[in-house]
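Okay, structure first, notes after.
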Amino acid sequence: ETSPQYRALDWLANVDKFRVRLYSENLVQRYVLAVLYYSTGGPRVTAKTDFSAMAPGRPWRDPTNFLSPVHECKWRSNSIETARGRGGGVRRCDKNQTVVEISLYNELEGTLPSELGKLWNLRVLYLGRNHLHGTIPTELGSIEKLASLSLQQNELSGTIPQHSLKNLGRLRALQLEGNEKIVGLIDKHSLLCQMTPKYKNQVLPPGREAYTGEKRILRKFTASCLPVSGIPPRGILECACCTECFGKRLKDQIY
């Protein structure tokens with residue numbers, strides 16, 4: 001009863017005054033955004049919640065109107081309009097009121113929910129400069145229209161899920177720097193490197209999977225990494241096609 005998914009369903013059924021109907025087109029979208037809210041430390045929302053209140057020192061510090069009784073396309077803070085400070089929210093929807101852009105820089109804490117993969121029309125996802133941990137969900141590879149994925153300056157770990165991200169044929173920017181627990185090897189024959197213009201015409205060695213997307217437009221790929229050394233990396237990320245490898249501290253040495 002304490003999972004983000006349970007809290008999101010409970011809010012939809014018992015608290016949300018917007019009263020989305022069972023067959024409403026935005027029901028899944030509203031649920032997914034509620035799961036994102038509760039997965040990243042959002043405080044409990046009740047009928048008495050003051051959506052304009054600040055929460056200093058806590059996740060979701062600045063008000064964003066998330067889970068307020070209005071359409072989710074209006075779940076955003078004033079910082080979206082003024083470009084000042086933390087906050088953010090649903091930055092843009094299309095004419096059909098499906099979410100196109102999410103930008104949240106608001107002391108978020110927790111993990112990225114797999115349900116984000118249900119936001120089928122999302123083009124931009126910015127969750128940088130928070131305190132997110134855990135791994136990058138493979139389900140993000142289901143958002144085929146995603147053009148920009150920014151998760152920099154968090155505490156994410158594990159490897160980059162190349163086999164799912166290869167489905168993002170429109171991906172132009174992937175920003176992961178500042179997540180020093182992301183590890184692995186991205187060599188020039190990897191799927192991510194094949195998605196870049198630099199390595200689009202390379203001849204692959206036997207046994208390597210070929211990227212079959214029509215477009216190869218990944219032009220910005222940043223991470224906390226080192227160049228490929230030829231030695232299997234342990235506890236670090238080595239990357240052959242990152243457009244920028246940001247400094248990474250290894251024990252007492254800074255590279």
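In the structure tokens, the first chain shown is A, the next is B, and so on; residue numbers restart at 1 for each chain, and ligands run from 1 in the order shown.
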Checklist entry - Would you give me, as a list in words, the residues in segment 33-165 of chain A that DSSP reads as alpha helix (DSSP H)? => result Leu33, Ala34, Val35, Leu36, Tyr37, Tyr38, Ser39, Ser79, Ile80, Glu81, Thr82, Gln162, His163, Ser164 and Leu165 of chain A
Checklist entry - So which residues of segment 1-247 of chain A fall under strand (DSSP E) by DSSP, listed as a PyMOL selection string? => result chain A and resi 87-93+99-105+109-111+124-126+131-134+148-150+155-158+173-175+181-182+184-186+220-224+237-239+244-246
Item to check | Proximity to Val99 of chain A - best of A:Val32, A:Ala53, A:Ile231, A:Leu204, only C-alpha atoms | outcome: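 Answer, going by the shortest atom-to-atom distance: A:Val32.
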Item to check | For Trp60 of chain A, the nearest of the candidates A:Cys73, A:Leu36, A:Ala8, A:Ala173, counting only C-alpha atoms | outcome: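 So, comparing all the options, the nearest one is A:Leu36.
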Next on the checklist: I'd like the contact shell of segment 209-223 of chain A - 9 Å cut-off, only C-alpha atoms, skipping same-chain residues fewer than 6 positions apart - returned as a PyMOL selection string.
Outcome noted: chain A and resi 147+152+166-180+182+189-200+237+239+241-247
Write a file of the just-selected residues containing N, CA, C and O atoms, as a short mmCIF file (atom, residue, chain, number, x, y, z; two decimals), in the first residue's frame.
data_model
loop_
_atom_site.label_atom_id
_atom_site.label_comp_id
_atom_site.auth_asym_id
_atom_site.auth_seq_id
_atom_site.Cartn_x
_atom_site.Cartn_y
_atom_site.Cartn_z
N ALA A 147 13.23 12.85 -28.43
CA ALA A 147 14.36 13.48 -29.12
C ALA A 147 15.45 13.92 -28.16
O ALA A 147 16.61 14.06 -28.56
N GLN A 152 21.24 14.23 -16.40
CA GLN A 152 22.54 14.57 -15.85
C GLN A 152 22.46 15.04 -14.40
O GLN A 152 21.41 15.48 -13.93
N LYS A 166 18.07 1.86 -28.52
CA LYS A 166 18.25 1.79 -29.98
C LYS A 166 16.93 2.03 -30.71
O LYS A 166 16.92 2.34 -31.91
N ASN A 167 15.81 1.90 -30.01
CA ASN A 167 14.51 2.12 -30.62
C ASN A 167 14.16 3.60 -30.75
O ASN A 167 13.16 3.95 -31.37
N LEU A 168 14.99 4.47 -30.17
CA LEU A 168 14.73 5.90 -30.21
C LEU A 168 15.37 6.51 -31.46
O LEU A 168 16.39 7.19 -31.40
N GLY A 169 14.74 6.29 -32.57
CA GLY A 169 15.29 6.73 -33.85
C GLY A 169 15.34 8.23 -34.03
O GLY A 169 16.00 8.71 -34.96
N ARG A 170 14.66 8.98 -33.17
CA ARG A 170 14.67 10.44 -33.28
C ARG A 170 15.55 11.09 -32.22
O ARG A 170 15.56 12.32 -32.10
N LEU A 171 16.27 10.29 -31.47
CA LEU A 171 17.06 10.82 -30.36
C LEU A 171 18.22 11.67 -30.87
O LEU A 171 19.07 11.20 -31.63
N ARG A 172 18.25 12.92 -30.43
CA ARG A 172 19.30 13.86 -30.82
C ARG A 172 20.25 14.16 -29.67
O ARG A 172 21.41 14.52 -29.91
N ALA A 173 19.76 14.06 -28.44
CA ALA A 173 20.58 14.43 -27.29
C ALA A 173 20.36 13.44 -26.15
O ALA A 173 19.23 13.13 -25.78
N LEU A 174 21.48 12.94 -25.59
CA LEU A 174 21.47 12.06 -24.43
C LEU A 174 22.50 12.59 -23.45
O LEU A 174 23.70 12.55 -23.72
N GLN A 175 22.04 13.12 -22.32
CA GLN A 175 22.91 13.76 -21.35
C GLN A 175 22.88 12.99 -20.03
O GLN A 175 21.84 12.90 -19.37
N LEU A 176 24.04 12.44 -19.66
CA LEU A 176 24.14 11.58 -18.49
C LEU A 176 25.28 11.97 -17.56
O LEU A 176 25.54 11.26 -16.58
N GLU A 177 25.98 13.06 -17.82
CA GLU A 177 27.13 13.42 -16.99
C GLU A 177 26.72 13.68 -15.55
O GLU A 177 25.59 14.08 -15.27
N GLY A 178 27.65 13.44 -14.65
CA GLY A 178 27.38 13.66 -13.23
C GLY A 178 26.77 12.45 -12.54
O GLY A 178 26.51 12.49 -11.34
N ASN A 179 26.56 11.37 -13.28
CA ASN A 179 26.13 10.10 -12.69
C ASN A 179 27.32 9.16 -12.68
O ASN A 179 27.51 8.34 -13.59
N GLU A 180 28.14 9.28 -11.66
CA GLU A 180 29.44 8.60 -11.67
C GLU A 180 29.37 7.11 -11.38
O GLU A 180 30.38 6.42 -11.44
N ILE A 182 27.32 5.18 -13.18
CA ILE A 182 27.03 4.53 -14.46
C ILE A 182 28.33 3.97 -15.01
O ILE A 182 29.33 4.67 -15.11
N HIS A 189 31.67 0.30 -31.98
CA HIS A 189 30.75 -0.61 -32.65
C HIS A 189 29.44 -0.77 -31.89
O HIS A 189 28.56 -1.52 -32.33
N SER A 190 29.29 -0.09 -30.76
CA SER A 190 28.09 -0.23 -29.94
C SER A 190 26.89 0.38 -30.66
O SER A 190 27.02 1.18 -31.59
N LEU A 191 25.72 0.01 -30.19
CA LEU A 191 24.48 0.52 -30.81
C LEU A 191 24.38 2.04 -30.67
O LEU A 191 23.97 2.72 -31.61
N LEU A 192 24.75 2.57 -29.51
CA LEU A 192 24.68 4.02 -29.33
C LEU A 192 25.61 4.75 -30.27
O LEU A 192 25.26 5.79 -30.84
N CYS A 193 26.82 4.23 -30.45
CA CYS A 193 27.74 4.88 -31.38
C CYS A 193 27.24 4.79 -32.81
O CYS A 193 27.43 5.73 -33.61
N GLN A 194 26.59 3.70 -33.15
CA GLN A 194 26.03 3.58 -34.49
C GLN A 194 24.90 4.58 -34.73
O GLN A 194 24.58 4.88 -35.89
N MET A 195 24.32 5.09 -33.67
CA MET A 195 23.25 6.08 -33.80
C MET A 195 23.78 7.49 -34.04
O MET A 195 23.00 8.42 -34.27
N THR A 196 25.10 7.66 -33.97
CA THR A 196 25.71 8.97 -34.19
C THR A 196 26.14 9.12 -35.64
O THR A 196 26.48 8.13 -36.30
N PRO A 197 26.16 10.34 -36.17
CA PRO A 197 26.61 10.54 -37.55
C PRO A 197 28.05 10.10 -37.78
O PRO A 197 28.40 9.62 -38.86
N LYS A 198 28.89 10.21 -36.76
CA LYS A 198 30.32 9.92 -36.91
C LYS A 198 30.57 8.46 -37.28
O LYS A 198 31.47 8.15 -38.07
N TYR A 199 29.79 7.55 -36.74
CA TYR A 199 30.05 6.12 -36.94
C TYR A 199 28.97 5.43 -37.77
O TYR A 199 28.83 4.21 -37.71
N LYS A 200 28.25 6.19 -38.56
CA LYS A 200 27.11 5.61 -39.27
C LYS A 200 27.50 4.67 -40.41
O LYS A 200 26.72 3.79 -40.78
N LEU A 237 32.82 4.18 -16.69
CA LEU A 237 32.22 4.16 -18.02
C LEU A 237 33.26 4.60 -19.02
O LEU A 237 33.86 5.67 -18.87
N CYS A 239 33.76 5.44 -23.09
CA CYS A 239 32.88 5.81 -24.19
C CYS A 239 33.67 6.31 -25.39
O CYS A 239 34.48 7.23 -25.27
N CYS A 241 32.16 7.38 -28.34
CA CYS A 241 31.44 8.33 -29.17
C CYS A 241 30.76 9.44 -28.38
O CYS A 241 29.96 10.19 -28.94
N CYS A 242 31.07 9.54 -27.09
CA CYS A 242 30.52 10.66 -26.33
C CYS A 242 31.08 11.96 -26.89
O CYS A 242 32.27 12.08 -27.14
N THR A 243 30.22 12.92 -27.10
CA THR A 243 30.68 14.20 -27.61
C THR A 243 31.46 14.97 -26.54
O THR A 243 32.24 15.86 -26.88
N GLU A 244 31.23 14.61 -25.28
CA GLU A 244 32.03 15.18 -24.20
C GLU A 244 32.05 14.21 -23.03
O GLU A 244 31.00 13.75 -22.58
N CYS A 245 33.26 13.89 -22.57
CA CYS A 245 33.44 13.09 -21.36
C CYS A 245 33.80 14.04 -20.23
O CYS A 245 34.89 14.63 -20.23
N PHE A 246 32.90 14.20 -19.29
CA PHE A 246 33.16 15.08 -18.17
C PHE A 246 34.08 14.39 -17.17
O PHE A 246 34.15 13.16 -17.11
N GLY A 247 34.79 15.19 -16.38
CA GLY A 247 35.74 14.64 -15.42
C GLY A 247 35.08 13.69 -14.45
O GLY A 247 33.94 13.88 -14.03
#
Checklist entry - In Å, with one decimal, what is the gap from atom CA of His131 of chain A to atom CA of Gly88 of chain A? => result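 Calculated distance between atom CA of His131 of chain A and atom CA of Gly88 of chain A is 15.4 Å.
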Checklist entry - Counting only C-alpha atoms, what is within 8 Å of segment 39-45 of chain A, bar same-chain residues fewer than 3 positions away, as a PyMOL selection string? => result chain A and resi 4+11+15+35-36+48-49+59-60+67+108-113+132
Those same residues, written as an mmCIF file, in the first residue's frame with C-alpha atoms?
data_model
loop_
_atom_site.group_PDB
_atom_site.id
_atom_site.type_symbol
_atom_site.label_atom_id
_atom_site.label_comp_id
_atom_site.auth_asym_id
_atom_site.auth_seq_id
_atom_site.Cartn_x
_atom_site.Cartn_y
_atom_site.Cartn_z
ATOM 1 C CA PRO A 4 4.150 4.744 -5.887
ATOM 2 C CA TRP A 11 -5.129 9.448 -5.508
ATOM 3 C CA VAL A 15 -8.690 12.336 -4.060
ATOM 4 C CA VAL A 35 3.489 7.563 -10.427
ATOM 5 C CA LEU A 36 6.429 9.783 -11.402
ATOM 6 C CA LYS A 48 -6.654 19.873 1.740
ATOM 7 C CA THR A 49 -3.278 20.165 -0.004
ATOM 8 C CA PRO A 59 11.749 16.735 -2.552
ATOM 9 C CA TRP A 60 9.473 18.733 -4.837
ATOM 10 C CA LEU A 67 -1.684 16.340 -8.775
ATOM 11 C CA LEU A 108 13.534 15.000 -6.761
ATOM 12 C CA GLU A 109 14.592 11.919 -4.780
ATOM 13 C CA GLY A 110 13.902 8.322 -5.689
ATOM 14 C CA THR A 111 13.911 6.211 -8.814
ATOM 15 C CA LEU A 112 12.661 6.586 -12.355
ATOM 16 C CA PRO A 113 9.464 4.544 -12.804
ATOM 17 C CA LEU A 132 17.585 10.341 -8.526
#
Checklist entry - atom CA of Trp75 of chain A and atom CA of Ala55 of chain A, how far apart in Å? => result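 Atom-to-atom, atom CA of Ala55 of chain A and atom CA of Trp75 of chain A are spaced 16.9 Å apart.
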Item to check | Of the listed residues A:Arg129, A:Arg123, A:Lys118, A:Arg86, that which approaches Val28 of chain A most closely, counting only C-alpha atoms | outcome: A:Lys118
